[in-house]
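Visitor: Here you go, this is upload-v6.cif (mmCIF, C-alpha atoms, pLDDT in the B column; chains and numbers go by the auth columns).
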data_protein
#
loop_
_atom_site.group_PDB
_atom_site.id
_atom_site.type_symbol
_atom_site.label_atom_id
_atom_site.label_comp_id
_atom_site.label_asym_id
_atom_site.label_seq_id
_atom_site.Cartn_x
_atom_site.Cartn_y
_atom_site.Cartn_z
_atom_site.B_iso_or_equiv
_atom_site.auth_seq_id
_atom_site.auth_asym_id
ATOM 1 C CA MET A 1 79.787 -99.607 118.308 49.00 1 A
ATOM 2 C CA HIS A 2 80.056 -96.268 120.083 50.00 2 A
ATOM 3 C CA LYS A 3 79.664 -96.285 123.808 51.00 3 A
ATOM 4 C CA ILE A 4 76.638 -94.266 124.938 52.00 4 A
ATOM 5 C CA ARG A 5 77.596 -91.640 127.475 54.00 5 A
ATOM 6 C CA SER A 6 75.768 -91.635 130.766 63.00 6 A
ATOM 7 C CA ASP A 7 73.617 -88.698 131.907 71.00 7 A
ATOM 8 C CA PRO A 8 76.179 -87.670 134.593 73.00 8 A
ATOM 9 C CA GLU A 9 78.880 -87.418 131.899 75.00 9 A
ATOM 10 C CA ARG A 10 76.668 -85.269 129.668 74.00 10 A
ATOM 11 C CA ARG A 11 75.817 -83.010 132.601 75.00 11 A
ATOM 12 C CA LYS A 12 79.505 -82.600 133.437 75.00 12 A
ATOM 13 C CA LYS A 13 80.270 -81.661 129.845 74.00 13 A
ATOM 14 C CA ARG A 14 77.427 -79.116 129.764 76.00 14 A
ATOM 15 C CA ASN A 15 78.546 -77.605 133.075 75.00 15 A
ATOM 16 C CA ARG A 16 82.104 -77.378 131.804 76.00 16 A
ATOM 17 C CA ARG A 17 80.967 -75.539 128.667 75.00 17 A
ATOM 18 C CA ARG A 18 78.770 -73.257 130.774 76.00 18 A
ATOM 19 C CA ILE A 19 81.672 -72.369 133.082 76.00 19 A
ATOM 20 C CA GLN A 20 83.915 -71.719 130.085 72.00 20 A
ATOM 21 C CA ALA A 21 81.300 -69.421 128.569 68.00 21 A
ATOM 22 C CA ILE A 22 80.948 -67.522 131.859 73.00 22 A
ATOM 23 C CA LEU A 23 84.708 -67.105 132.188 70.00 23 A
ATOM 24 C CA PHE A 24 84.967 -65.966 128.570 62.00 24 A
ATOM 25 C CA SER A 25 82.183 -63.400 129.070 64.00 25 A
ATOM 26 C CA ALA A 26 83.823 -62.158 132.275 68.00 26 A
ATOM 27 C CA ALA A 27 87.154 -61.758 130.478 64.00 27 A
ATOM 28 C CA ILE A 28 85.466 -59.735 127.734 61.00 28 A
ATOM 29 C CA ALA A 29 83.685 -57.542 130.306 60.00 29 A
ATOM 30 C CA ILE A 30 86.923 -56.898 132.208 61.00 30 A
ATOM 31 C CA GLY A 31 88.796 -56.135 128.992 54.00 31 A
ATOM 32 C CA LEU A 32 86.066 -53.770 127.802 53.00 32 A
ATOM 33 C CA ALA A 33 85.992 -51.982 131.159 53.00 33 A
ATOM 34 C CA TRP A 34 89.762 -51.548 131.046 51.00 34 A
ATOM 35 C CA PHE A 35 89.586 -50.329 127.437 50.00 35 A
ATOM 36 C CA LEU A 36 86.943 -47.698 128.219 51.00 36 A
ATOM 37 C CA GLU A 37 88.623 -46.596 131.449 53.00 37 A
ATOM 38 C CA SER A 38 92.001 -46.190 129.748 51.00 38 A
ATOM 39 C CA ARG A 39 90.360 -44.047 127.075 59.00 39 A
ATOM 40 C CA ALA A 40 87.931 -42.095 129.234 79.00 40 A
ATOM 41 C CA THR A 41 87.661 -38.339 128.964 86.00 41 A
ATOM 42 C CA THR A 42 90.489 -36.432 130.629 92.00 42 A
ATOM 43 C CA THR A 43 89.647 -32.996 132.051 92.00 43 A
ATOM 44 C CA VAL A 44 92.340 -30.383 132.671 95.00 44 A
ATOM 45 C CA ILE A 45 91.409 -27.286 134.688 94.00 45 A
ATOM 46 C CA PHE A 46 93.742 -24.317 134.219 96.00 46 A
ATOM 47 C CA VAL A 47 93.833 -21.301 136.539 97.00 47 A
ATOM 48 C CA ARG A 48 96.233 -18.442 137.032 97.00 48 A
ATOM 49 C CA HIS A 49 97.521 -17.896 140.561 97.00 49 A
ATOM 50 C CA ALA A 50 95.420 -15.499 142.659 98.00 50 A
ATOM 51 C CA GLU A 51 96.366 -11.882 143.446 97.00 51 A
ATOM 52 C CA LYS A 52 99.956 -11.633 144.638 96.00 52 A
ATOM 53 C CA ALA A 53 101.479 -9.475 147.361 96.00 53 A
ATOM 54 C CA LEU A 54 103.767 -6.578 146.491 92.00 54 A
ATOM 55 C CA ILE A 55 106.694 -7.876 148.526 91.00 55 A
ATOM 56 C CA PRO A 56 109.037 -9.601 148.292 92.00 56 A
ATOM 57 C CA VAL A 57 109.496 -8.719 144.649 89.00 57 A
ATOM 58 C CA ASP A 58 111.419 -11.833 143.609 91.00 58 A
ATOM 59 C CA ASP A 59 108.928 -14.480 144.832 94.00 59 A
ATOM 60 C CA PRO A 60 105.824 -12.973 146.445 96.00 60 A
ATOM 61 C CA GLY A 61 103.079 -14.993 148.039 97.00 61 A
ATOM 62 C CA LEU A 62 99.391 -14.133 147.879 98.00 62 A
ATOM 63 C CA SER A 63 97.903 -10.901 149.150 97.00 63 A
ATOM 64 C CA ALA A 64 94.914 -10.910 151.504 97.00 64 A
ATOM 65 C CA ILE A 65 92.602 -10.594 148.485 97.00 65 A
ATOM 66 C CA GLY A 66 94.502 -13.377 146.771 97.00 66 A
ATOM 67 C CA ARG A 67 93.999 -15.701 149.727 97.00 67 A
ATOM 68 C CA LEU A 68 90.254 -15.051 149.541 96.00 68 A
ATOM 69 C CA ARG A 69 90.262 -15.939 145.859 96.00 69 A
ATOM 70 C CA ALA A 70 92.247 -19.118 146.548 97.00 70 A
ATOM 71 C CA ALA A 71 89.671 -20.088 149.175 96.00 71 A
ATOM 72 C CA GLU A 72 86.892 -19.479 146.635 94.00 72 A
ATOM 73 C CA LEU A 73 88.726 -21.647 144.119 95.00 73 A
ATOM 74 C CA ALA A 74 88.832 -24.457 146.666 94.00 74 A
ATOM 75 C CA ARG A 75 85.106 -24.042 147.310 90.00 75 A
ATOM 76 C CA GLN A 76 84.378 -24.248 143.595 89.00 76 A
ATOM 77 C CA LEU A 77 86.641 -27.217 142.866 89.00 77 A
ATOM 78 C CA ALA A 78 86.363 -29.404 145.956 82.00 78 A
ATOM 79 C CA ASP A 79 83.252 -31.047 144.497 72.00 79 A
ATOM 80 C CA VAL A 80 83.727 -30.307 140.802 65.00 80 A
ATOM 81 C CA ASP A 81 82.668 -33.888 139.979 60.00 81 A
ATOM 82 C CA VAL A 82 79.735 -35.503 141.781 50.00 82 A
ATOM 83 C CA VAL A 83 81.577 -38.812 141.868 51.00 83 A
ATOM 84 C CA GLY A 84 85.191 -38.000 142.609 61.00 84 A
ATOM 85 C CA GLY A 85 86.433 -34.470 142.064 78.00 85 A
ATOM 86 C CA ILE A 86 89.971 -33.294 141.329 91.00 86 A
ATOM 87 C CA ASP A 87 92.376 -36.242 141.120 93.00 87 A
ATOM 88 C CA VAL A 88 95.743 -34.521 140.793 96.00 88 A
ATOM 89 C CA ILE A 89 97.181 -31.013 141.189 97.00 89 A
ATOM 90 C CA TYR A 90 100.110 -29.378 139.387 98.00 90 A
ATOM 91 C CA SER A 91 101.686 -26.019 140.180 98.00 91 A
ATOM 92 C CA THR A 92 104.811 -24.101 139.292 97.00 92 A
ATOM 93 C CA PRO A 93 107.306 -23.845 142.181 97.00 93 A
ATOM 94 C CA TYR A 94 106.573 -20.188 143.000 97.00 94 A
ATOM 95 C CA ARG A 95 104.926 -19.106 146.244 97.00 95 A
ATOM 96 C CA ARG A 96 101.952 -17.459 144.570 98.00 96 A
ATOM 97 C CA THR A 97 101.011 -20.551 142.559 98.00 97 A
ATOM 98 C CA LEU A 98 101.616 -22.972 145.417 98.00 98 A
ATOM 99 C CA GLU A 99 99.549 -20.847 147.800 98.00 99 A
ATOM 100 C CA THR A 100 96.741 -20.758 145.231 98.00 100 A
ATOM 101 C CA ALA A 101 96.757 -24.548 144.975 98.00 101 A
ATOM 102 C CA GLU A 102 97.125 -25.256 148.697 97.00 102 A
ATOM 103 C CA PRO A 103 93.469 -24.722 149.753 96.00 103 A
ATOM 104 C CA VAL A 104 92.282 -27.123 147.039 95.00 104 A
ATOM 105 C CA ALA A 105 94.961 -29.646 147.994 96.00 105 A
ATOM 106 C CA ALA A 106 94.054 -29.383 151.681 95.00 106 A
ATOM 107 C CA ALA A 107 90.329 -29.793 150.999 92.00 107 A
ATOM 108 C CA LEU A 108 90.898 -32.942 148.934 92.00 108 A
ATOM 109 C CA GLY A 109 93.906 -34.370 150.764 93.00 109 A
ATOM 110 C CA LEU A 110 96.095 -34.268 147.649 95.00 110 A
ATOM 111 C CA PRO A 111 99.790 -33.473 147.188 97.00 111 A
ATOM 112 C CA ILE A 112 100.883 -30.636 144.905 98.00 112 A
ATOM 113 C CA ASN A 113 103.075 -31.770 142.028 98.00 113 A
ATOM 114 C CA ARG A 114 105.487 -29.111 140.813 97.00 114 A
ATOM 115 C CA TYR A 115 106.292 -28.461 137.170 96.00 115 A
ATOM 116 C CA ASP A 116 108.797 -26.208 135.445 95.00 116 A
ATOM 117 C CA PRO A 117 107.020 -23.328 133.632 91.00 117 A
ATOM 118 C CA ASN A 118 110.019 -23.026 131.317 91.00 118 A
ATOM 119 C CA GLU A 119 109.659 -26.611 130.046 91.00 119 A
ATOM 120 C CA ASP A 120 108.404 -27.214 126.523 93.00 120 A
ATOM 121 C CA TYR A 121 104.622 -26.919 126.886 91.00 121 A
ATOM 122 C CA ALA A 122 103.684 -29.664 124.445 90.00 122 A
ATOM 123 C CA THR A 123 106.053 -32.170 126.059 93.00 123 A
ATOM 124 C CA LEU A 124 104.924 -31.186 129.555 93.00 124 A
ATOM 125 C CA LEU A 125 101.203 -31.550 128.804 91.00 125 A
ATOM 126 C CA ARG A 126 101.592 -34.810 126.904 91.00 126 A
ATOM 127 C CA GLY A 127 103.339 -36.307 129.910 94.00 127 A
ATOM 128 C CA ILE A 128 100.746 -35.076 132.395 95.00 128 A
ATOM 129 C CA VAL A 129 97.757 -36.226 130.334 92.00 129 A
ATOM 130 C CA LYS A 130 99.335 -39.610 129.575 91.00 130 A
ATOM 131 C CA GLN A 131 100.129 -40.214 133.239 94.00 131 A
ATOM 132 C CA HIS A 132 96.638 -39.215 134.426 94.00 132 A
ATOM 133 C CA LYS A 133 94.445 -40.316 131.546 89.00 133 A
ATOM 134 C CA GLY A 134 90.755 -40.274 132.408 88.00 134 A
ATOM 135 C CA ARG A 135 91.316 -38.071 135.482 91.00 135 A
ATOM 136 C CA ILE A 136 90.504 -34.494 136.467 92.00 136 A
ATOM 137 C CA ILE A 137 93.702 -32.436 136.646 96.00 137 A
ATOM 138 C CA LEU A 138 94.182 -28.963 138.105 96.00 138 A
ATOM 139 C CA VAL A 139 97.077 -26.919 136.689 97.00 139 A
ATOM 140 C CA VAL A 140 97.985 -23.615 138.358 98.00 140 A
ATOM 141 C CA GLY A 141 100.122 -21.326 136.231 97.00 141 A
ATOM 142 C CA HIS A 142 100.782 -17.759 135.164 96.00 142 A
ATOM 143 C CA SER A 143 99.206 -15.175 132.894 94.00 143 A
ATOM 144 C CA ASN A 144 101.754 -15.767 130.146 92.00 144 A
ATOM 145 C CA THR A 145 101.893 -19.572 130.423 93.00 145 A
ATOM 146 C CA LEU A 146 98.212 -20.551 130.539 93.00 146 A
ATOM 147 C CA PRO A 147 97.340 -19.612 126.937 91.00 147 A
ATOM 148 C CA GLU A 148 100.376 -21.542 125.694 90.00 148 A
ATOM 149 C CA LEU A 149 99.597 -24.563 127.872 92.00 149 A
ATOM 150 C CA ILE A 150 95.999 -24.680 126.658 92.00 150 A
ATOM 151 C CA ALA A 151 97.112 -24.294 123.039 90.00 151 A
ATOM 152 C CA ALA A 152 99.574 -27.178 123.523 90.00 152 A
ATOM 153 C CA LEU A 153 96.609 -29.491 124.178 88.00 153 A
ATOM 154 C CA GLY A 154 95.056 -28.517 120.875 81.00 154 A
ATOM 155 C CA ALA A 155 92.224 -26.954 122.843 68.00 155 A
ATOM 156 C CA GLY A 156 92.300 -23.513 121.287 61.00 156 A
ATOM 157 C CA LYS A 157 94.319 -21.923 118.526 62.00 157 A
ATOM 158 C CA LYS A 158 93.937 -18.448 119.987 74.00 158 A
ATOM 159 C CA VAL A 159 93.384 -18.173 123.735 81.00 159 A
ATOM 160 C CA PRO A 160 93.068 -14.460 124.622 86.00 160 A
ATOM 161 C CA PRO A 161 96.036 -13.041 126.563 90.00 161 A
ATOM 162 C CA ILE A 162 95.481 -12.442 130.266 94.00 162 A
ATOM 163 C CA ALA A 163 95.799 -8.902 131.596 94.00 163 A
ATOM 164 C CA GLU A 164 98.201 -8.005 134.395 92.00 164 A
ATOM 165 C CA PHE A 165 95.452 -7.752 137.048 95.00 165 A
ATOM 166 C CA GLU A 166 93.079 -10.357 135.585 96.00 166 A
ATOM 167 C CA TYR A 167 92.802 -13.280 137.993 97.00 167 A
ATOM 168 C CA ASP A 168 89.281 -14.662 137.575 95.00 168 A
ATOM 169 C CA ASN A 169 89.703 -16.972 134.561 95.00 169 A
ATOM 170 C CA LEU A 170 89.077 -20.693 134.927 94.00 170 A
ATOM 171 C CA TYR A 171 89.535 -22.855 131.826 94.00 171 A
ATOM 172 C CA LEU A 172 88.038 -26.337 131.495 92.00 172 A
ATOM 173 C CA VAL A 173 89.689 -28.408 128.781 93.00 173 A
ATOM 174 C CA SER A 174 87.911 -31.664 127.922 90.00 174 A
ATOM 175 C CA ILE A 175 89.994 -34.311 126.125 90.00 175 A
ATOM 176 C CA PRO A 176 87.825 -37.275 125.033 86.00 176 A
ATOM 177 C CA TRP A 177 89.386 -40.596 124.062 78.00 177 A
ATOM 178 C CA PHE A 178 87.757 -40.066 120.683 77.00 178 A
ATOM 179 C CA GLY A 179 86.705 -36.749 119.212 78.00 179 A
ATOM 180 C CA LYS A 180 87.622 -33.086 119.414 86.00 180 A
ATOM 181 C CA THR A 181 89.218 -31.409 122.423 88.00 181 A
ATOM 182 C CA LYS A 182 87.064 -28.563 123.723 88.00 182 A
ATOM 183 C CA THR A 183 87.680 -25.569 125.994 90.00 183 A
ATOM 184 C CA ILE A 184 85.243 -23.665 128.190 90.00 184 A
ATOM 185 C CA ARG A 185 86.241 -20.438 129.950 90.00 185 A
ATOM 186 C CA LEU A 186 84.489 -19.661 133.236 91.00 186 A
ATOM 187 C CA ARG A 187 84.915 -16.930 135.844 92.00 187 A
ATOM 188 C CA TYR A 188 85.215 -17.267 139.611 92.00 188 A
ATOM 189 C CA GLY A 189 85.590 -14.874 142.537 91.00 189 A
ATOM 190 C CA ASP A 190 85.525 -11.099 142.143 91.00 190 A
ATOM 191 C CA PRO A 191 85.276 -10.295 138.412 91.00 191 A
ATOM 192 C CA TYR A 192 87.949 -8.453 136.468 93.00 192 A
ATOM 193 C CA GLU A 193 86.547 -5.194 135.106 89.00 193 A
ATOM 194 C CA GLY A 194 89.619 -3.706 133.471 86.00 194 A
ATOM 195 C CA ASP A 195 90.651 -3.484 129.847 85.00 195 A
ATOM 196 C CA PRO A 196 91.623 -6.576 127.815 85.00 196 A
ATOM 197 C CA ALA A 197 95.282 -7.476 127.845 81.00 197 A
ATOM 198 C CA ASP A 198 97.590 -5.766 125.385 71.00 198 A
ATOM 199 C CA GLU A 199 99.631 -8.484 123.673 62.00 199 A
ATOM 200 C CA SER A 200 102.573 -6.100 123.461 51.00 200 A
ATOM 201 C CA TYR A 201 102.612 -5.619 127.251 46.00 201 A
ATOM 202 C CA PRO A 202 106.143 -6.643 128.355 42.00 202 A
ATOM 203 C CA GLY A 203 104.888 -8.374 131.488 44.00 203 A
ATOM 204 C CA LEU A 204 103.284 -11.049 129.340 44.00 204 A
ATOM 205 C CA LYS A 205 106.730 -12.380 128.599 48.00 205 A
ATOM 206 C CA MET A 206 107.379 -13.131 132.266 53.00 206 A
ATOM 207 C CA ASN A 207 105.830 -15.481 134.791 67.00 207 A
ATOM 208 C CA GLN A 208 103.201 -13.068 136.109 74.00 208 A
#
Could you express the structure from this file as structure tokens?

Guide:
Amino acid sequence: MHKIRSDPERRKKRNRRRIQAILFSAAIAIGLAWFLESRATTTVIFVRHAEKALIPVDDPGLSAIGRLRAAELARQLADVDVVGGIDVIYSTPYRRTLETAEPVAAALGLPINRYDPNEDYATLLRGIVKQHKGRIILVVGHSNTLPELIAALGAGKKVPPIAEFEYDNLYLVSIPWFGKTKTIRLRYGDPYEGDPADESYPGLKMNQ
């Protein structure tokens, strides 16, 4: 004859099952949160350095007008996201790009990571996006490198070339964990009113 379990034993068994169910649900919730976070949308913001000074020729910093544009960039990007804002900043090692990034970095208390503009663009961008998945990334580059960098993300097959004195472009590249990568081009600071860039212009082959 089977022994009838007492009420305290049944209550203990029910409580044990209830605790197990709670722990199982919590594990699922934590796993789902991790899954979604690891695959959240990554946003890469590309800008060319601001107006550069005429001297020194080999590695000029920003001109007075360029410093004003860099300050405007910081004003625009300091609160680009209502929750967090820019998470990481990348710049080439030249004075003009670093000085463009510095006001944003100072406003947000972020370091400036340097990258080699001569590195393979696809490899460079894959590494940056993988390392900062789900974040907002600012990349400061040059007139000849930005279109190639954006294209390397699959964000645009034909990004228009940037003219020699065109400094007001700001590209937002949205990379969802599922779906198509999209690019939006915005303008900031004093607008460029010159002619479109000539793709045959020799300066486009250099880090302008």

Visitor: I need the residue set behind the PyMOL selection byres ((chain A and resi 185) around 8) for this file; please write it as an MDAnalysis selection string.

Guide: chainID A and resid 169:172 183:184 186:187

Visitor: Where does the PyMOL selection byres ((chain A and resi 129-141) around 7) land in this file, that is, which residues does it pick, as a PyMOL selection string?

Guide: chain A and resi 37-49+85-92+97+101+125-128+142+145-146

Visitor: Record the distance separating atom CA of Arg96 of chain A and atom CA of Ala74 of chain A, expressed in Å with one decimal.

Guide: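 We find that atom CA of Arg96 of chain A and atom CA of Ala74 of chain A lie 15.0 Å from each other.
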
Visitor: I'd like the interatomic distance between atom CA of Lys52 of chain A and atom CA of Thr123 of chain A, to a tenth of an Å.

Guide: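 Computing the Euclidean distance for atom CA of Lys52 of chain A and atom CA of Thr123 of chain A yields 28.4 Å.
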
Visitor: What does the distance between atom CA of Asp168 of chain A and atom CA of Tyr192 of chain A come to in Å, to one decimal place?

Guide: 6.4 Å

Visitor: For the provided coordinates, the residues matched by the PyMOL selection byres ((chain A and resi 73) around 9) should be stated as a ChimeraX atom specification.

Guide: /A:68-72,74-78,100-101,103-104,188-189

Visitor: For those residues, write C-alpha atoms to a file as a CSV table (one decimal), in the frame of the given file.

Guide:
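So out.csv came out as:
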chain,number,residue,atom,x,y,z
A,68,LEU,CA,90.3,-15.1,149.5
A,69,ARG,CA,90.3,-15.9,145.9
A,70,ALA,CA,92.2,-19.1,146.5
A,71,ALA,CA,89.7,-20.1,149.2
A,72,GLU,CA,86.9,-19.5,146.6
A,74,ALA,CA,88.8,-24.5,146.7
A,75,ARG,CA,85.1,-24.0,147.3
A,76,GLN,CA,84.4,-24.2,143.6
A,77,LEU,CA,86.6,-27.2,142.9
A,78,ALA,CA,86.4,-29.4,146.0
A,100,THR,CA,96.7,-20.8,145.2
A,101,ALA,CA,96.8,-24.5,145.0
A,103,PRO,CA,93.5,-24.7,149.8
A,104,VAL,CA,92.3,-27.1,147.0
A,188,TYR,CA,85.2,-17.3,139.6
A,189,GLY,CA,85.6,-14.9,142.5

Visitor: Can you find the residues with an atom no farther than 10 Å from (94.7, -11.0, 132.9), counting only C-alpha atoms, and report them as a PyMOL selection string?

Guide: chain A and resi 48+142-144+160-169+192+194-198+204+208

Visitor: Go ahead and save the residues from that selection, with C-alpha atoms, as a short mmCIF file (atom, residue, chain, number, x, y, z; two decimals), in the coordinates of the input.

Guide:
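What landed in selection-v8.cif:
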data_model
loop_
_atom_site.label_atom_id
_atom_site.label_comp_id
_atom_site.auth_asym_id
_atom_site.auth_seq_id
_atom_site.Cartn_x
_atom_site.Cartn_y
_atom_site.Cartn_z
CA ARG A 48 96.23 -18.44 137.03
CA HIS A 142 100.78 -17.76 135.16
CA SER A 143 99.21 -15.18 132.89
CA ASN A 144 101.75 -15.77 130.15
CA PRO A 160 93.07 -14.46 124.62
CA PRO A 161 96.04 -13.04 126.56
CA ILE A 162 95.48 -12.44 130.27
CA ALA A 163 95.80 -8.90 131.60
CA GLU A 164 98.20 -8.01 134.40
CA PHE A 165 95.45 -7.75 137.05
CA GLU A 166 93.08 -10.36 135.58
CA TYR A 167 92.80 -13.28 137.99
CA ASP A 168 89.28 -14.66 137.57
CA ASN A 169 89.70 -16.97 134.56
CA TYR A 192 87.95 -8.45 136.47
CA GLY A 194 89.62 -3.71 133.47
CA ASP A 195 90.65 -3.48 129.85
CA PRO A 196 91.62 -6.58 127.82
CA ALA A 197 95.28 -7.48 127.84
CA ASP A 198 97.59 -5.77 125.38
CA LEU A 204 103.28 -11.05 129.34
CA GLN A 208 103.20 -13.07 136.11
#

Visitor: Looking at all atoms listed in the file, which of A:Leu149, A:Ala50, A:Leu23, A:Val57 is the one that sits closest to Pro117 of chain A?

Guide: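 The shortest atom-to-atom distance to Pro117 of chain A comes from A:Leu149.
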